[in-house]
Structure formats: structure tokens, C-alpha cells
>>> print(open('target-v3.tsv').read())   # TSV, C-alpha atoms
chain	number	residue	atom	x	y	z
A	1	MET	CA	98.69	73.16	65.83
A	2	GLY	CA	101.04	74.30	63.11
A	3	LEU	CA	104.31	76.11	62.80
A	4	GLY	CA	103.81	79.79	63.59
A	5	LEU	CA	107.40	81.03	63.68
A	6	PHE	CA	110.21	80.51	61.18
A	7	GLN	CA	113.42	82.53	61.22
A	8	VAL	CA	116.73	82.06	59.42
A	9	ALA	CA	119.94	83.82	60.40
A	10	GLY	CA	123.18	84.10	58.46
A	11	ARG	CA	126.61	83.00	59.65
A	12	ARG	CA	126.91	86.11	61.87
A	13	GLY	CA	123.45	85.63	63.39
A	14	ALA	CA	121.70	88.50	61.56
A	15	LEU	CA	118.20	87.66	60.34
A	16	LEU	CA	117.86	86.74	56.68
A	17	ALA	CA	114.16	85.79	56.82
A	18	SER	CA	111.49	86.05	59.50
A	19	PHE	CA	107.92	84.80	59.50
A	20	VAL	CA	106.10	85.46	62.78
A	21	GLY	CA	102.45	84.42	62.88
A	22	ASP	CA	101.04	85.48	59.54
A	23	GLN	CA	103.53	88.36	59.16
A	24	ALA	CA	106.56	88.03	56.92
A	25	SER	CA	109.27	90.58	57.65
A	26	PRO	CA	111.55	91.08	54.67
A	27	GLN	CA	115.15	91.41	55.80
A	28	ALA	CA	117.80	93.51	54.09
A	29	ARG	CA	121.00	91.72	53.19
A	30	PRO	CA	123.11	91.89	56.37
A	31	LYS	CA	126.26	93.99	56.31
A	32	LYS	CA	129.64	92.42	57.03
A	33	ASP	CA	129.63	93.93	60.54
A	34	ALA	CA	126.00	92.93	61.26
A	35	LYS	CA	125.31	91.90	64.83
A	36	PRO	CA	123.35	88.75	65.79
A	37	ALA	CA	119.57	89.18	65.98
A	38	ASP	CA	119.68	88.04	69.62
A	39	PRO	CA	121.97	86.17	72.07
A	40	VAL	CA	120.35	82.82	71.21
A	41	PHE	CA	121.17	83.18	67.51
A	42	ALA	CA	124.67	84.36	68.53
A	43	LYS	CA	125.23	81.04	70.31
A	44	ALA	CA	123.72	79.05	67.44
A	45	VAL	CA	126.16	80.52	64.91
A	46	ASP	CA	129.27	80.45	67.13
A	47	PRO	CA	131.84	78.79	64.83
A	48	GLU	CA	133.76	77.24	67.76
A	49	GLU	CA	130.85	75.93	69.85
A	50	PRO	CA	127.50	76.22	68.06
A	51	ALA	CA	124.64	75.54	70.47
A	52	ASP	CA	120.95	74.81	70.15
A	53	ALA	CA	118.30	76.18	72.51
A	54	PHE	CA	114.73	75.37	73.46
A	55	GLY	CA	112.24	77.62	75.26
A	56	VAL	CA	109.43	80.16	75.01
A	57	TRP	CA	110.02	83.28	72.90
A	58	SER	CA	107.79	86.29	72.36
A	59	ASP	CA	107.78	89.31	70.11
A	60	GLY	CA	105.53	91.12	72.61
A	61	LYS	CA	102.33	90.27	70.69
A	62	LEU	CA	102.61	86.51	70.18
A	63	ILE	CA	104.29	83.74	72.17
A	64	PHE	CA	105.89	80.56	70.84
A	65	GLU	CA	107.53	77.39	72.10
A	66	THR	CA	110.75	77.53	70.09
A	67	TYR	CA	113.76	75.56	69.03
A	68	THR	CA	116.83	77.40	67.71
A	69	ALA	CA	119.71	75.49	66.14
A	70	PRO	CA	122.80	76.00	64.02
A	71	ILE	CA	122.79	75.12	60.33
A	72	ILE	CA	125.96	73.09	59.80
A	73	ILE	CA	127.19	71.65	56.52
A	74	HIS	CA	130.54	69.86	56.24
A	75	GLU	CA	131.45	70.94	59.80
A	76	GLN	CA	131.00	74.61	58.90
A	77	VAL	CA	128.35	76.79	60.55
A	78	LEU	CA	126.39	78.50	57.79
A	79	GLY	CA	123.73	80.13	59.94
A	80	GLY	CA	120.92	79.46	62.38
A	81	LEU	CA	117.30	78.39	62.24
A	82	ARG	CA	114.46	79.04	64.69
A	83	ILE	CA	111.05	77.40	64.53
A	84	GLY	CA	108.17	77.86	66.92
A	85	PHE	CA	104.69	76.67	67.68
A	86	PRO	CA	102.17	79.25	68.91
A	87	LEU	CA	101.01	79.26	72.51
A	88	ASP	CA	97.80	81.00	71.49
A	89	ASP	CA	94.14	80.90	72.53
A	90	SER	CA	93.57	77.70	70.56
A	91	PHE	CA	96.43	75.89	72.30
A	92	ALA	CA	95.31	77.24	75.70
A	93	LYS	CA	91.80	75.84	75.11
A	94	THR	CA	93.33	72.45	74.32
A	95	LEU	CA	95.19	72.58	77.65
A	96	LYS	CA	91.95	73.50	79.41
A	97	GLU	CA	90.22	70.46	77.89
A	98	GLN	CA	93.04	68.22	79.13
A	99	THR	CA	93.46	69.69	82.63
A	100	GLY	CA	90.11	71.22	83.57
A	101	SER	CA	91.93	74.46	84.43
A	102	GLU	CA	91.75	77.84	82.78
A	103	VAL	CA	95.19	78.77	81.47
A	104	ALA	CA	96.86	81.96	80.27
A	105	PHE	CA	100.35	82.65	78.93
A	106	VAL	CA	101.77	85.82	80.48
A	107	VAL	CA	104.75	87.83	79.21
A	108	ASP	CA	105.82	91.01	80.99
A	109	GLY	CA	102.47	91.23	82.78
A	110	LYS	CA	100.47	90.88	79.55
A	111	ILE	CA	98.26	87.92	78.54
A	112	LEU	CA	99.25	86.74	75.05
A	113	GLY	CA	97.14	83.57	74.88
A	114	SER	CA	94.43	82.09	77.10
A	115	SER	CA	91.47	79.73	77.43
A	116	LEU	CA	89.41	82.44	79.14
A	117	SER	CA	86.27	84.00	77.70
A	118	ALA	CA	86.53	87.69	76.77
A	119	VAL	CA	84.84	88.74	80.05
A	120	GLU	CA	87.07	86.46	82.17
A	121	ARG	CA	90.16	87.58	80.30
A	122	GLU	CA	89.36	91.23	81.01
A	123	SER	CA	88.82	90.39	84.70
A	124	VAL	CA	92.14	88.52	84.89
A	125	THR	CA	93.93	91.34	83.05
A	126	GLN	CA	92.66	93.82	85.66
A	127	SER	CA	93.72	91.50	88.52
A	128	LEU	CA	97.01	90.29	87.03
A	129	ALA	CA	99.32	92.59	89.01
A	130	ASP	CA	97.70	91.45	92.28
A	131	MET	CA	97.96	87.79	91.20
A	132	LEU	CA	101.65	88.19	90.37
A	133	GLY	CA	102.23	89.74	93.80
A	134	MET	CA	100.29	86.98	95.62
A	135	ALA	CA	102.16	84.27	93.71
A	136	LYS	CA	105.52	85.67	94.84
A	137	GLY	CA	104.37	85.48	98.45
A	138	GLY	CA	105.24	81.78	98.77
A	139	ASN	CA	103.25	78.53	98.74
A	140	GLN	CA	104.88	77.53	95.42
A	141	GLY	CA	103.15	80.37	93.63
A	142	ILE	CA	99.64	79.21	94.66
A	143	PHE	CA	97.08	81.88	95.54
A	144	ALA	CA	93.32	82.41	95.87
A	145	SER	CA	91.47	84.74	93.54
A	146	THR	CA	87.89	85.58	92.63
A	147	LEU	CA	86.90	86.25	89.01
A	148	ASN	CA	83.41	87.51	88.25
A	149	GLY	CA	82.19	86.16	91.60
A	150	THR	CA	83.70	82.68	91.14
A	151	PRO	CA	86.45	81.63	93.57
A	152	TYR	CA	89.58	80.09	92.02
A	153	LEU	CA	92.89	78.71	93.15
A	154	GLY	CA	95.64	80.01	90.92
A	155	GLN	CA	99.26	79.19	90.27
A	156	LEU	CA	101.93	80.91	88.23
A	157	ILE	CA	104.50	78.57	86.70
A	158	SER	CA	107.71	79.93	85.23
A	159	MET	CA	108.41	78.96	81.60
A	160	LYS	CA	112.06	78.90	80.54
A	161	GLY	CA	113.17	81.03	77.62
A	162	PRO	CA	115.73	79.85	75.07
A	163	ASP	CA	118.43	81.85	76.90
A	164	GLY	CA	117.78	79.95	80.14
A	165	GLY	CA	116.02	82.84	81.88
A	166	GLU	CA	112.29	83.21	82.45
A	167	GLY	CA	110.60	83.64	79.08
A	168	ALA	CA	106.99	83.70	80.26
A	169	GLN	CA	104.65	82.48	82.96
A	170	LEU	CA	101.82	80.01	82.73
A	171	LEU	CA	98.84	81.14	84.79
A	172	GLN	CA	96.69	78.20	85.81
A	173	LEU	CA	93.29	78.82	87.44
A	174	ARG	CA	91.14	76.03	88.85
A	175	SER	CA	87.62	76.63	90.16
A	176	LYS	CA	87.37	75.91	93.90
A	177	ALA	CA	83.95	74.34	93.29
A	178	ARG	CA	85.51	71.90	90.82
A	179	ILE	CA	88.25	71.00	93.33
A	180	LEU	CA	85.65	70.36	96.06
A	181	GLN	CA	83.59	68.26	93.65
A	182	LEU	CA	86.65	66.15	92.87
A	183	LEU	CA	87.44	65.71	96.59
A	184	GLY	CA	83.82	64.69	97.23
A	185	THR	CA	84.05	62.06	94.51
A	186	ILE	CA	87.26	60.68	96.00
A	187	ARG	CA	85.74	60.46	99.49
>>> encode(input="target-v3.tsv", output="C-alpha cells")
Amino acid sequence: MGLGLFQVAGRRGALLASFVGDQASPQARPKKDAKPADPVFAKAVDPEEPADAFGVWSDGKLIFETYTAPIIIHEQVLGGLRIGFPLDDSFAKTLKEQTGSEVAFVVDGKILGSSLSAVERESVTQSLADMLGMAKGGNQGIFASTLNGTPYLGQLISMKGPDGGEGAQLLQLRSKARILQLLGTIR
């Protein structure tokens, strides 16, 4: 798991350099009245109270666990820095190996990374709106779902964004057969 996001902002918070995934986005030199790239960078470069932030961030295609911080030299804020690690299919498969659950990272109703096979991912994508509705119905976001004829228990877990709001959701699906097998072993 390597660094997949690297962004540098100037003293006003405007982007100077941005590398997202394998895409480098050249930035023009910011104008004197340039606005911050986003509210998180605005807080990082605040000359009175610079603040760091941690949370999930997405560009709509990729999702990252990020850390944004001010760049301070001799008590002067010179800019901001954001780094991020991808929450991609590879990372999701690692989580599956550790938990025994299928996992998917969901942003605005769209799966951006998952441990699911292509067929399962398509099935979940088609059922996602229903899953989101069932999860809001209570029971701590736990719901029952069937994917390709296999019954699952699912749960949606909110993931905090760097601004403190919800940045994404972690969809966790565990096969009911696997749960019953585990209970049988315990008994």
C-alpha cells in the first residue's frame, strides 16, 4: 500500500501541485486573490490558527484516507500539504482477508473500491439504493440482503471526512452461512 495522493497548497490554500492516483495535474501559478482549493486547505493555511485534518477524501473516481496539515517554518504558515493512501480494490481485498467480510467503499451512492468480484460488484451496484434505505431503517445500519442467490447480513458504517462530515461509507457484507458456521463452531 503506497501513497496515492499528494497535494501542495500555497499560503492562501490554492493548489500548487496535485498528484491523484497516477494522474498529475499541473497547476497554474495562483493569483494573489486565489481562493483555497477546499475548506480543509483553508483551515490548514489559516495564519492565526492553522489546523490539521484526517479523514476520507474522494475526487469522485478514487477514494483516499488522507492527512492534511499546514507547512510551517519559523512560525510562519507557508502552505499546506495533503497525503493520502488509496482505499482501492487491493486494500478492500486485504480487509476481506482479515475480517472474512466482503467490503466496499461507497461515495455518493457509487462504489469506488471493493473486495467483490465483477459479478458481485454489479449485483451490489444494482441493489445499493435499497441497501442504503434499509441501513437507515435502524438496527445500527444492519440489514439483510441477497446477492446472486447468497444471503448476506450487511452493515453501512460512516467514514469521517477531513471536514468532520461524512466522507464515505464502508459497506460490509458477511455471508449468513459463514455466520452460522461460526456459531456452530462456538456451540
>>> residues_around(input="target-v3.tsv", residues="segment 121-125 of chain A", least_positions_apart="4", cutoff="9 Å", atoms="all atoms listed in the file", output="PyMOL selection string")
chain A and resi 104+109-111+114-117+129+131+147-148
>>> write_last_selection(input="target-v3.tsv", atoms="C-alpha atoms", output="short mmCIF file (atom, residue, chain, number, x, y, z; two decimals), in the coordinates of the input")
data_model
loop_
_atom_site.label_atom_id
_atom_site.label_comp_id
_atom_site.auth_asym_id
_atom_site.auth_seq_id
_atom_site.Cartn_x
_atom_site.Cartn_y
_atom_site.Cartn_z
CA ALA A 104 96.86 81.96 80.27
CA GLY A 109 102.47 91.23 82.78
CA LYS A 110 100.47 90.88 79.55
CA ILE A 111 98.26 87.92 78.54
CA SER A 114 94.43 82.09 77.10
CA SER A 115 91.47 79.73 77.43
CA LEU A 116 89.41 82.44 79.14
CA SER A 117 86.27 84.00 77.70
CA ALA A 129 99.32 92.59 89.01
CA MET A 131 97.96 87.79 91.20
CA LEU A 147 86.90 86.25 89.01
CA ASN A 148 83.41 87.51 88.25
#
>>> residues_around(input="target-v3.tsv", residues="segment 85-98 of chain A", least_positions_apart="2", cutoff="6 Å", atoms="all atoms listed in the file", output="list in words")
Leu3, Gly4, Ile63, Phe64, Glu65, Gly100, Ser101, Glu102, Val103, Gly113, Ser114 and Ser115 of chain A
>>> residues_around(input="target-v3.tsv", residues="segment 162-174 of chain A", least_positions_apart="5", cutoff="7 Å", atoms="only C-alpha atoms", output="PyMOL selection string")
chain A and resi 40+53-57+101-107+152-157
>>> residues_around(input="target-v3.tsv", residues="Val20 of chain A", least_positions_apart="6", cutoff="9 Å", atoms="only C-alpha atoms", output="number ranges by chain")
A: 4-7, 59, 62, 84
>>> closest_residue(input="target-v3.tsv", among="A:Asp130, A:Glu48, A:Leu81, A:His74", to="Ala14 of chain A", atoms="all atoms listed in the file")
A:Leu81
>>> closest_residue(input="target-v3.tsv", among="A:Pro151, A:Arg11, A:Leu16, A:Ile142", to="Ile73 of chain A", atoms="all atoms listed in the file")
A:Arg11
>>> atom_distance(input="target-v3.tsv", atom1="atom CA of Glu75 of chain A", atom2="atom CA of Pro47 of chain A")
9.3 Å
>>> atom_distance(input="target-v3.tsv", atom1="atom CA of Lys176 of chain A", atom2="atom CA of Thr99 of chain A")
14.2 Å
>>> atom_distance(input="target-v3.tsv", atom1="atom CA of Lys61 of chain A", atom2="atom CA of Leu112 of chain A")
6.4 Å
>>> closest_residue(input="target-v3.tsv", among="A:Leu128, A:Leu78, A:Leu15, A:Ala34", to="Pro50 of chain A", atoms="only C-alpha atoms")
A:Leu78
>>> residues_around(input="target-v3.tsv", residues="Ala42 of chain A", least_positions_apart="4", cutoff="9 Å", atoms="all atoms listed in the file", output="PyMOL selection string")
chain A and resi 12-14+35-38+46+50+80
>>> closest_residue(input="target-v3.tsv", among="A:Ser58, A:Arg82, A:Ala118, A:Ile71", to="Met159 of chain A", atoms="only C-alpha atoms")
A:Ser58
>>> closest_residue(input="target-v3.tsv", among="A:Ala17, A:Ala9, A:Glu49, A:Asp33", to="Thr68 of chain A", atoms="all atoms listed in the file")
A:Ala9
>>> closest_residue(input="target-v3.tsv", among="A:Leu132, A:Ala51, A:Ile83, A:Val45", to="Ser145 of chain A", atoms="all atoms listed in the file")
A:Leu132
